[in-house]
Each structure stands twice: as C-alpha cells, then as structure tokens.
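Undergrad: Next up is a structure, given as structure tokens.
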Amino acid sequence: MADLRCKIAGIDSINPFWLASAPPTDKKYNVVRAFEAGWGGVVWKTMGYDPPVINVTSRYGVLHDSDRGVIGINNIELITDRPLEVNLQEIREVREEWPDRVIIGSMMAPMMEKLWKDLAVRIAEAGVHGIELNLGCPHGMCERGMGSAIGQVPEMVENATRWVREAVDIPVFTKLTPNITDILLPAEAAKAGGADAVSLINTVSSITGVDLDVMAPMPTVDGKGTHGGYCGSAVKPIALHMVAEIARNPDTCSLEMSAIGGIGTWRDAAEFIALGASGVQVCTAAMLYGFRIVVDMIDGLSNFMDEKGYKSIDEFRGLAIPNTVDWNDLNMNFDLKAVIDKDLCIECGRCHIACEDTSHQAITKTAKTGGGNEYEVVNDECVGCNLCLHVCPVPDCITMKPVENGLPHLTWPEHPDNPMRIASSE
C-alpha cells in the first residue's frame with residue numbers, strides 16, 4: 001500500500017487531505033465528524049476579534065450545468081460569527097481528543113501590527129499546529145480593510161506575514177487571493193515576510209447570476225445582491241495555473257504550498273501535488289457530498305500511487321513542474337490528427353458540427369446507404385485542435401494520434417518565420 005503520510009510546512013499529516021477554512025470547519029461538532037470520516041487536518045474557519053461578525057441571509061449562489069450539477073458556488077458568508085474564546089476552547093478540546101490530526105487556525109485582522117500579533121498569539125496558545133493568514137476573502141471583510149484588501153497589496157502581505165512570524169513559533173501559512181493580475185507578487189511578498197508556506201487559492205470575486213424577477217444578483221438579500229467568493233470545480237483551472245506559476249518561479253519555488261480550488265476527487269489532488277503542492281484543502285466538494293467523500297479520495301490516490309509504483313507522496317510531488325513551460329518553449333513541429341472509431345460512433349454529428357461551424361472543416365459527413373451518416377477526418381485540414389474529441393459524448397470514440405513527420409523539435413524563438421529572429425539575424 002502507498003504511504004499517504006506527508007509533511008506540510010514541517011507539520012506531519014496522516015494524509016494530504018485537509019478541510020479548508022469555511023463553514024465545514026466552523027465548530028467542534030463539524031471538525032470531529034470530519035476526523036471520524038478520515039480527514040488528515042482542518043483549517044478552522046477564520047477567526048477575528050470580538051464582537052463576532054453578523055452574517056446575512058441568504059448566503060449562497062450556485063451555477064448549475066444543464067443536469068443541475070453544481071459547477072461552482074458563490075458565497076457571501078463572512079468569517080466565523082462565533083465568539084473567539086468559544087472557538088479557541090473547542091480547538092483545545094479537539095486537539096486533546098484527536099492528537100494525530102492537524103488543526104490550523106485561520107485568522108484575519110485590520111492592518112495594525114498589535115492586532116495581528118495579539119490575535120496570532122491567542123490562537124497559537126490554543127494549541128494549533130500552525131496559523132493561516134486569510135488575506136483573500138473578496139467580500140464583506142475587504143470592505144472593512146481586511147481580506148483581499150490586504151492580499152492585493154504586496155507590501156501589506158509582507159507586513160502581515162512578518163508580524164505573525166515574529167509573534168509565534170509555529171508554522172505560518174499565508175493565504176493568497178486570486179483576485180490579482182500576477183500571483184507571484186503576493187507570493188514573493190509572503191516569502192519575504194517569512195511565511196513557511198502559502199495556501200492558494202482563496203475564492204474568486206464573482207456574481208454567479210441575476211434573478212430576473214427581482215432584478216438583483218444572486219443570492220439576494222431583501223431584494224439586493226452583491227459580489228461574492230466563487231469556489232468549486234470551476235475555479236480549479238485558475239488554481240492549477242497559480243500553483244504552477246509559484247512552483248516554477250525561481251524566487252518562489254522554495255515556498256511550500258497548500259493547494260485549494262475545485263478539488264473534488266483524488267485525481268484533482270494528484271494534479272496539484274504533481275505541480276508541487278505538499279497537500280490540498282477541500283471545501284465545496286465536502287459541502288456538496290459530505291465528509292465521507294474523503295474515503296474515495298484516500299482510496300483513489302492510494303490506488304493511483306500503487307499502480308504507478310509511487311511509495312510516497314514525495315515520489316511524484318512536483319513531477320509535472322519541468323513539463324510546465326511558457327508557450328514559446330512548445331514544439332511547433334509536433335502534429336496530431338483526429339481519428340474516429342466507426343464502431344463506437346453513434347452518429348450524433350457533434351464532431352462534424354463543431355468542426356464545420358467553428359473550426360477547420362476537417363470532418364466530412366456522408367449519407368450511408370440504408371440511412372445514417374458516416375464521419376471522416378480530412379487529415380490535410382485537421383490541425384489537431386482536440387475540439388472534436390472534447391465534444392464527442394462517447395469515451396474513446398475519437399482519439400488524437402501523433403504524426404511521424406520526421407521534423408526536428410522547433411520552438412517559436414527558433415522558427416524561421418519569427419520576425420524577432422529575422423531581425424536579429426540581419
């Protein structure tokens with residue numbers, strides 16, 4: 001059996017699956033249920049100063065697909081609305097009852113050194129393994145000068161990180177906002193401030209929809225709506241990109257990462273680990289399917305590692321980083337052609353329609369004797385874009401086959417038609 005134990009910012013965890021700071025980690029009852037299900041750790045819902053915040057109803061807006069599957073959730077919930085001392089006491093109790101599980105305390109404060117340091121010390125004294133700095137919340141708290149209002153300013157990221165780093169002797173995770181042009185700027189600031197790791201991504205600022213009867217963004221609160229934080233499977237591509245950017249940048253690659261964003265299966269987790277994450281945090285999937293989803297994640301990741309021969313997480317962590325390159329480093333002579341398996345084809349015609357209307361007119365439709373249609377790929381027109389493969393509803397009906405063209409590896413900077421290359425040669 002593969003060994004799923006891992007170490008994140010020096011913290012030992014029985015597996016890489018933690019619950020992210022969110023409603024599922026707001027109280028002892030939830031956290032105990034999570035640990036009973038098998039989660040390796042939790043990041044306790046973000047704590048601030050008393051008096052506690054006041055939330056509104058309703059709080060969630062959801063983007064569905066055509067089958068009512070949840071693509072993403074937009075939330076306008078704030079940090080914990082429970083008294084700080086209640087949270088801290090419950091943390092102490094869970095730490096004593098579950099000594100082999102990880103508890104990270106998430107915190108948020110205005111940009112005042114004393115406030116950050118005092119709150120960090122109080123949380124640390126409750127026995128948490130580490131502290132996560134919530135610098136990413138994009139709604140409600142940012143209007144009060146906290147959350148993403150701090151996370152979008154590298155100097156503030158560095159200062160908040162340094163203040164907490166100076167105040168406590170446990171690992172510090174700086175949670176980064178994706179609502180920024182270049183994720184490397186806050187990542188570099190977190191490193192400069194002494195962060196042991198970064199957590200990313202926090203939620204994406206968004207409006208998931210408009211109620212056309214009320215004429216207000218959803219969710220609506222007494223006829224009004226606002227932007228919220230978007231999470232779920234829809235944000236996974238954004239999170240993967242930002243994790244990869246930090247992992248392959250020389251100035252930030254030494255930062256450990258706790259990856260967040262659209263993780264709902266073992267495969268999602270493995271992809272983030274392959275891009276350099278030491279562990280992952282999950283929220284939306286647990287909210288949609290319950291805490292027992294971690295059992296499938298553990299089994300799936302263990303089976304994957306057994307099949308590949310990886311005995312530990314570290315054996316495949318970061319393996320995808322060398323293959324994540326800038327566009328200019330891709331081989332322009334590599335060629336693919338689509339191949340349609342006629343035995344699997346159900347003659348729906350989606351590949352033809354997609355290619356005919358929006359791509360390269362590389363799939364022909366011919367009426368068959370006796371009814372139906374036959375679809376053929378025109379190799380001379382096919383550019384290997386993969387669109388037909390992705391719209392085909394039948395698994396493995398369309399595959400992409402490499403073409404043995406005998407051409408050497410060629411990048412755009414080396415290409416004879418590159419005007420910059422032509423100019424430099426002249």
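By convention in this document, the chains of the structure tokens carry letters A, B, ... by their order, each chain's residues are numbered from 1, and ligands are numbered from 1 in the order they are shown.
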List as a VMD selection string the protein and nucleic acid residues near Val172 of chain A, meaning an atom at most 9 Å away when only C-alpha atoms are counted, but skip any in the same chain fewer than 3 places from it.
TA: chain A and resid 9 130 to 133 161 164 to 165 168 to 169 194 to 198
Undergrad: List every residue of segment 88-333 of chain A that DSSP, applied to the backbone of this structure, assigns to strand (DSSP E or B), and report them as a ChimeraX atom specification.
TA: /A:102-107,130-134,172-175,197-200,204-206,210-211,216-217,221,224,228-231,256-260,279-282,312
Undergrad: Write the residues of the selection above to a file with N, CA and C atoms, as a short mmCIF file (atom, residue, chain, number, x, y, z; two decimals), in the first residue's frame.
TA:
```cif
data_model
loop_
_atom_site.label_atom_id
_atom_site.label_comp_id
_atom_site.auth_asym_id
_atom_site.auth_seq_id
_atom_site.Cartn_x
_atom_site.Cartn_y
_atom_site.Cartn_z
N VAL A 102 -4.33 17.31 12.27
CA VAL A 102 -3.78 18.66 12.18
C VAL A 102 -4.91 19.69 12.31
N ILE A 103 -4.67 20.71 13.10
CA ILE A 103 -5.57 21.86 13.17
C ILE A 103 -4.75 23.13 12.90
N ILE A 104 -5.13 23.84 11.87
CA ILE A 104 -4.53 25.13 11.55
C ILE A 104 -5.56 26.20 11.91
N GLY A 105 -5.13 27.24 12.58
CA GLY A 105 -6.04 28.33 12.93
C GLY A 105 -5.96 29.44 11.92
N SER A 106 -7.10 29.72 11.25
CA SER A 106 -7.15 30.82 10.28
C SER A 106 -7.51 32.11 11.00
N MET A 107 -6.89 33.21 10.62
CA MET A 107 -7.12 34.49 11.30
C MET A 107 -7.15 35.65 10.32
N GLY A 130 -0.45 25.32 13.33
CA GLY A 130 0.03 26.42 12.51
C GLY A 130 -1.06 27.47 12.39
N ILE A 131 -0.71 28.61 11.81
CA ILE A 131 -1.66 29.70 11.62
C ILE A 131 -1.72 30.06 10.15
N GLU A 132 -2.94 30.19 9.64
CA GLU A 132 -3.14 30.61 8.25
C GLU A 132 -3.68 32.03 8.24
N LEU A 133 -3.04 32.91 7.48
CA LEU A 133 -3.44 34.30 7.40
C LEU A 133 -4.40 34.48 6.23
N ASN A 134 -5.65 34.79 6.53
CA ASN A 134 -6.66 34.96 5.49
C ASN A 134 -6.50 36.34 4.87
N VAL A 172 3.63 29.36 9.71
CA VAL A 172 2.71 30.40 9.24
C VAL A 172 2.42 30.15 7.75
N PHE A 173 1.13 30.03 7.44
CA PHE A 173 0.66 29.88 6.06
C PHE A 173 0.02 31.21 5.64
N THR A 174 0.47 31.78 4.55
CA THR A 174 -0.15 33.00 4.03
C THR A 174 -1.10 32.60 2.90
N LYS A 175 -2.38 32.90 3.10
CA LYS A 175 -3.39 32.51 2.11
C LYS A 175 -3.55 33.62 1.07
N ALA A 197 4.76 28.65 4.35
CA ALA A 197 4.03 28.10 3.20
C ALA A 197 2.99 29.11 2.76
N VAL A 198 2.48 28.91 1.56
CA VAL A 198 1.34 29.70 1.08
C VAL A 198 0.18 28.75 0.83
N SER A 199 -1.02 29.23 1.10
CA SER A 199 -2.24 28.50 0.76
C SER A 199 -2.89 29.23 -0.40
N LEU A 200 -3.29 28.51 -1.44
CA LEU A 200 -3.93 29.15 -2.58
C LEU A 200 -4.70 28.10 -3.39
N VAL A 204 -12.73 33.40 -5.79
CA VAL A 204 -12.65 34.36 -6.89
C VAL A 204 -13.85 35.30 -6.83
N SER A 205 -13.60 36.58 -6.87
CA SER A 205 -14.68 37.57 -6.81
C SER A 205 -15.61 37.39 -8.01
N SER A 206 -16.93 37.30 -7.73
CA SER A 206 -17.83 36.94 -8.81
C SER A 206 -19.29 37.24 -8.49
N VAL A 210 -28.10 36.53 -12.11
CA VAL A 210 -29.03 37.60 -11.77
C VAL A 210 -30.44 37.03 -11.73
N ASP A 211 -31.14 37.29 -10.66
CA ASP A 211 -32.54 36.91 -10.55
C ASP A 211 -33.34 37.89 -11.40
N ALA A 216 -31.86 41.42 -9.38
CA ALA A 216 -30.75 41.62 -8.45
C ALA A 216 -29.82 40.42 -8.54
N PRO A 217 -28.53 40.62 -8.26
CA PRO A 217 -27.60 39.48 -8.25
C PRO A 217 -28.02 38.44 -7.22
N VAL A 221 -30.59 39.39 -0.94
CA VAL A 221 -30.86 39.69 0.46
C VAL A 221 -31.83 40.87 0.49
N LYS A 224 -31.73 42.83 -2.74
CA LYS A 224 -30.43 43.33 -3.19
C LYS A 224 -29.44 42.17 -3.25
N GLY A 228 -19.59 37.98 -4.57
CA GLY A 228 -19.16 37.08 -3.51
C GLY A 228 -17.91 36.33 -3.92
N GLY A 229 -17.58 35.30 -3.15
CA GLY A 229 -16.40 34.49 -3.42
C GLY A 229 -16.79 33.20 -4.12
N TYR A 230 -16.23 32.95 -5.28
CA TYR A 230 -16.58 31.81 -6.13
C TYR A 230 -15.62 30.66 -5.87
N CYS A 231 -16.18 29.45 -5.69
CA CYS A 231 -15.36 28.27 -5.44
C CYS A 231 -16.01 27.06 -6.12
N GLU A 256 6.56 26.19 0.30
CA GLU A 256 5.65 25.06 0.28
C GLU A 256 4.24 25.57 0.02
N MET A 257 3.41 24.71 -0.58
CA MET A 257 2.07 25.13 -0.95
C MET A 257 1.02 24.16 -0.43
N SER A 258 -0.02 24.74 0.13
CA SER A 258 -1.23 24.01 0.47
C SER A 258 -2.27 24.44 -0.56
N ALA A 259 -2.59 23.54 -1.48
CA ALA A 259 -3.38 23.92 -2.66
C ALA A 259 -4.88 23.84 -2.39
N ILE A 260 -5.61 24.81 -2.91
CA ILE A 260 -7.05 24.91 -2.74
C ILE A 260 -7.67 25.32 -4.08
N GLY A 279 0.22 19.45 -0.01
CA GLY A 279 -1.05 18.91 0.41
C GLY A 279 -2.16 19.74 -0.18
N VAL A 280 -3.41 19.34 0.08
CA VAL A 280 -4.54 20.05 -0.52
C VAL A 280 -5.59 20.35 0.55
N GLN A 281 -6.40 21.36 0.26
CA GLN A 281 -7.53 21.71 1.11
C GLN A 281 -8.81 21.63 0.27
N VAL A 282 -9.87 21.15 0.89
CA VAL A 282 -11.14 20.91 0.21
C VAL A 282 -12.26 21.61 0.96
N SER A 312 5.42 6.97 -1.87
CA SER A 312 5.11 8.10 -1.01
C SER A 312 4.68 9.28 -1.85
#
```
Undergrad: Any chance you could tabulate, as a Markdown table, the residues of segment 263-318 of chain A at most 12 Å from segment 20-24 of chain A with each one's nearest atom pair and distance in Å to one decimal, using only C-alpha atoms, in chain and rising number order?
TA:
```
| residue | atom | partner | partner_atom | distance |
| --- | --- | --- | --- | --- |
| A:Ile263 | CA | A:Ala20 | CA | 10.7 |
| A:Gly279 | CA | A:Ala20 | CA | 11.4 |
| A:Val280 | CA | A:Ala20 | CA | 8.6 |
| A:Gln281 | CA | A:Ala20 | CA | 4.9 |
| A:Val282 | CA | A:Ala20 | CA | 5.3 |
| A:Cys283 | CA | A:Ala20 | CA | 5.4 |
| A:Thr284 | CA | A:Ala22 | CA | 9.1 |
| A:Ala285 | CA | A:Pro24 | CA | 10.6 |
| A:Ala286 | CA | A:Pro24 | CA | 7.7 |
| A:Met287 | CA | A:Pro24 | CA | 7.1 |
| A:Leu288 | CA | A:Pro24 | CA | 10.9 |
| A:Tyr289 | CA | A:Pro24 | CA | 11.8 |
| A:Gly290 | CA | A:Pro24 | CA | 9.4 |
| A:Phe291 | CA | A:Pro24 | CA | 8.9 |
```
Undergrad: Figure out the distance between atom CA of Met218 of chain A and atom CA of Arg68 of chain A, please, to one decimal in Å.
TA: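 According to the coordinates, atom CA of Arg68 of chain A and atom CA of Met218 of chain A are separated by 16.5 Å.
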Undergrad: Could I get the residues of segment 35-71 of chain A with an atom no further than 9 Å from an atom of segment 85-88 of chain A, each paired with its nearest atom pair and that distance in Å to one decimal, using only C-alpha atoms, sorted by chain and residue number, as JSON lines?
TA:
```
{"residue": "A:Trp44", "atom": "CA", "partner": "A:Asn87", "partner_atom": "CA", "distance": 8.6}
{"residue": "A:Met47", "atom": "CA", "partner": "A:Asn87", "partner_atom": "CA", "distance": 8.0}
{"residue": "A:Asp50", "atom": "CA", "partner": "A:Glu85", "partner_atom": "CA", "distance": 8.8}
```
Undergrad: Between A:Ala244, A:Ile8, A:Ala124, A:Leu78, which has the minimum distance to Leu319 of chain A (counting only C-alpha atoms)?
TA: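 Ranked by minimum distance to Leu319 of chain A, first place goes to A:Ala244.
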Undergrad: When distances are computed from only C-alpha atoms, which of A:Phe35, A:Tyr310, A:Trp266, A:Phe272 shows the smallest separation from Arg95 of chain A?
TA: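 Answer, going by the shortest atom-to-atom distance: A:Phe35.
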Undergrad: Using DSSP on the backbone coordinates, identify the residues of segment 135-254 of chain A assigned to helix (DSSP H, G or I); present them as number ranges by chain.
TA: A: 142-144, 148-151, 154-167, 184-192, 233-248
Undergrad: Kindly save the residues from that selection, with N, CA and C atoms included, as a short mmCIF file (atom, residue, chain, number, x, y, z; two decimals), in the first residue's frame.
TA:
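Output saved as out.cif:
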```cif
data_model
loop_
_atom_site.label_atom_id
_atom_site.label_comp_id
_atom_site.auth_asym_id
_atom_site.auth_seq_id
_atom_site.Cartn_x
_atom_site.Cartn_y
_atom_site.Cartn_z
N CYS A 142 -13.32 42.61 3.01
CA CYS A 142 -12.42 43.51 2.28
C CYS A 142 -12.94 44.95 2.30
N GLU A 143 -14.27 45.11 2.39
CA GLU A 143 -14.82 46.45 2.52
C GLU A 143 -14.45 47.08 3.86
N ARG A 144 -13.99 46.25 4.80
CA ARG A 144 -13.55 46.74 6.11
C ARG A 144 -12.03 46.83 6.20
N SER A 148 -9.02 40.42 1.00
CA SER A 148 -8.32 40.72 -0.26
C SER A 148 -7.87 42.17 -0.34
N ALA A 149 -8.41 43.05 0.49
CA ALA A 149 -7.90 44.43 0.52
C ALA A 149 -6.45 44.45 0.96
N ILE A 150 -6.06 43.47 1.77
CA ILE A 150 -4.66 43.31 2.16
C ILE A 150 -3.92 42.45 1.13
N GLY A 151 -4.56 41.35 0.73
CA GLY A 151 -3.89 40.39 -0.15
C GLY A 151 -3.54 40.93 -1.52
N PRO A 154 1.09 43.81 -2.13
CA PRO A 154 2.24 43.01 -1.68
C PRO A 154 2.89 43.53 -0.40
N GLU A 155 3.00 44.84 -0.24
CA GLU A 155 3.63 45.38 0.96
C GLU A 155 2.84 44.98 2.22
N MET A 156 1.52 44.99 2.10
CA MET A 156 0.69 44.60 3.24
C MET A 156 0.81 43.09 3.49
N VAL A 157 0.88 42.30 2.43
CA VAL A 157 1.07 40.86 2.58
C VAL A 157 2.36 40.58 3.34
N GLU A 158 3.42 41.26 2.96
CA GLU A 158 4.71 41.06 3.63
C GLU A 158 4.64 41.48 5.09
N ASN A 159 4.01 42.61 5.37
CA ASN A 159 3.96 43.10 6.74
C ASN A 159 3.13 42.19 7.64
N ALA A 160 1.94 41.80 7.17
CA ALA A 160 1.08 40.93 7.98
C ALA A 160 1.78 39.60 8.26
N THR A 161 2.44 39.07 7.24
CA THR A 161 3.16 37.81 7.42
C THR A 161 4.29 37.97 8.43
N ARG A 162 5.03 39.04 8.31
CA ARG A 162 6.16 39.26 9.21
C ARG A 162 5.69 39.46 10.65
N TRP A 163 4.60 40.19 10.83
CA TRP A 163 4.10 40.42 12.19
C TRP A 163 3.76 39.11 12.89
N VAL A 164 3.07 38.24 12.17
CA VAL A 164 2.69 36.97 12.78
C VAL A 164 3.91 36.07 12.95
N ARG A 165 4.81 36.09 11.98
CA ARG A 165 6.02 35.28 12.07
C ARG A 165 6.84 35.67 13.30
N GLU A 166 6.85 36.96 13.61
CA GLU A 166 7.59 37.42 14.78
C GLU A 166 6.89 37.08 16.09
N ALA A 167 5.58 36.91 16.03
CA ALA A 167 4.81 36.73 17.26
C ALA A 167 4.69 35.29 17.71
N LEU A 184 2.53 35.92 -8.49
CA LEU A 184 3.90 35.89 -7.99
C LEU A 184 4.20 37.07 -7.07
N LEU A 185 3.53 38.19 -7.25
CA LEU A 185 3.80 39.36 -6.42
C LEU A 185 3.45 39.11 -4.96
N PRO A 186 2.23 38.66 -4.62
CA PRO A 186 1.97 38.37 -3.22
C PRO A 186 2.73 37.15 -2.71
N ALA A 187 3.02 36.19 -3.59
CA ALA A 187 3.80 35.03 -3.16
C ALA A 187 5.20 35.45 -2.74
N GLU A 188 5.82 36.31 -3.53
CA GLU A 188 7.16 36.81 -3.18
C GLU A 188 7.11 37.63 -1.90
N ALA A 189 6.01 38.38 -1.72
CA ALA A 189 5.87 39.18 -0.50
C ALA A 189 5.71 38.29 0.72
N ALA A 190 4.93 37.21 0.58
CA ALA A 190 4.76 36.27 1.69
C ALA A 190 6.10 35.64 2.07
N LYS A 191 6.88 35.29 1.06
CA LYS A 191 8.20 34.71 1.33
C LYS A 191 9.10 35.73 2.04
N ALA A 192 9.06 36.96 1.57
CA ALA A 192 9.88 38.00 2.20
C ALA A 192 9.47 38.23 3.65
N SER A 233 -15.55 23.36 -8.64
CA SER A 233 -14.77 22.79 -9.75
C SER A 233 -14.43 23.82 -10.82
N ALA A 234 -15.25 24.86 -10.96
CA ALA A 234 -14.99 25.87 -11.99
C ALA A 234 -13.69 26.62 -11.78
N VAL A 235 -13.23 26.73 -10.53
CA VAL A 235 -12.02 27.52 -10.27
C VAL A 235 -10.75 26.67 -10.28
N LYS A 236 -10.89 25.38 -10.44
CA LYS A 236 -9.70 24.51 -10.43
C LYS A 236 -8.65 24.92 -11.47
N PRO A 237 -9.05 25.22 -12.73
CA PRO A 237 -8.00 25.62 -13.70
C PRO A 237 -7.24 26.87 -13.28
N ILE A 238 -7.93 27.81 -12.64
CA ILE A 238 -7.25 29.02 -12.16
C ILE A 238 -6.26 28.66 -11.06
N ALA A 239 -6.71 27.80 -10.15
CA ALA A 239 -5.84 27.40 -9.04
C ALA A 239 -4.62 26.63 -9.53
N LEU A 240 -4.82 25.69 -10.46
CA LEU A 240 -3.69 24.93 -11.00
C LEU A 240 -2.65 25.85 -11.63
N HIS A 241 -3.13 26.82 -12.38
CA HIS A 241 -2.20 27.75 -13.03
C HIS A 241 -1.38 28.53 -12.01
N MET A 242 -2.05 29.03 -10.97
CA MET A 242 -1.34 29.85 -9.99
C MET A 242 -0.36 29.03 -9.16
N VAL A 243 -0.74 27.80 -8.82
CA VAL A 243 0.18 26.90 -8.12
C VAL A 243 1.41 26.64 -9.00
N ALA A 244 1.17 26.38 -10.28
CA ALA A 244 2.28 26.11 -11.20
C ALA A 244 3.21 27.30 -11.34
N GLU A 245 2.64 28.51 -11.38
CA GLU A 245 3.47 29.70 -11.52
C GLU A 245 4.40 29.86 -10.33
N ILE A 246 3.90 29.63 -9.14
CA ILE A 246 4.75 29.73 -7.95
C ILE A 246 5.81 28.63 -7.95
N ALA A 247 5.42 27.42 -8.36
CA ALA A 247 6.34 26.28 -8.32
C ALA A 247 7.49 26.42 -9.29
N ARG A 248 7.27 27.07 -10.41
CA ARG A 248 8.33 27.12 -11.42
C ARG A 248 9.07 28.46 -11.46
#
```
Undergrad: Would you pick out the contacts of Thr399 of chain A at 8 Å or less, using only C-alpha atoms, so that residues sharing its chain but fewer than 2 positions from it are not included, and give the list as JSON, numbers by chain?
TA: {"A": [338, 339, 340, 389, 396, 397, 401]}
Undergrad: Could you write out the selected residues, including C-alpha atoms, as a tab-separated table (two decimals), in the first residue's frame?
TA:
```tsv
chain	number	residue	atom	x	y	z
A	338	ALA	CA	-8.07	13.12	-35.04
A	339	VAL	CA	-9.15	9.51	-35.62
A	340	ILE	CA	-12.81	8.43	-35.38
A	389	LEU	CA	-12.58	14.87	-29.05
A	396	ASP	CA	-12.53	6.87	-26.73
A	397	CYS	CA	-14.59	7.23	-29.91
A	401	LYS	CA	-2.79	10.28	-32.95
```
Undergrad: Which residues come within 9 Å of segment 366-375 of chain A, counting only C-alpha atoms, excluding same-chain residues fewer than 2 positions away, as a list in words?
TA: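 My list of contacting residues is Ile340, Lys342, Cys345, Glu347, Cys348, Gly349, Cys351, His352, Ile363, Thr364 and Val377 of chain A.
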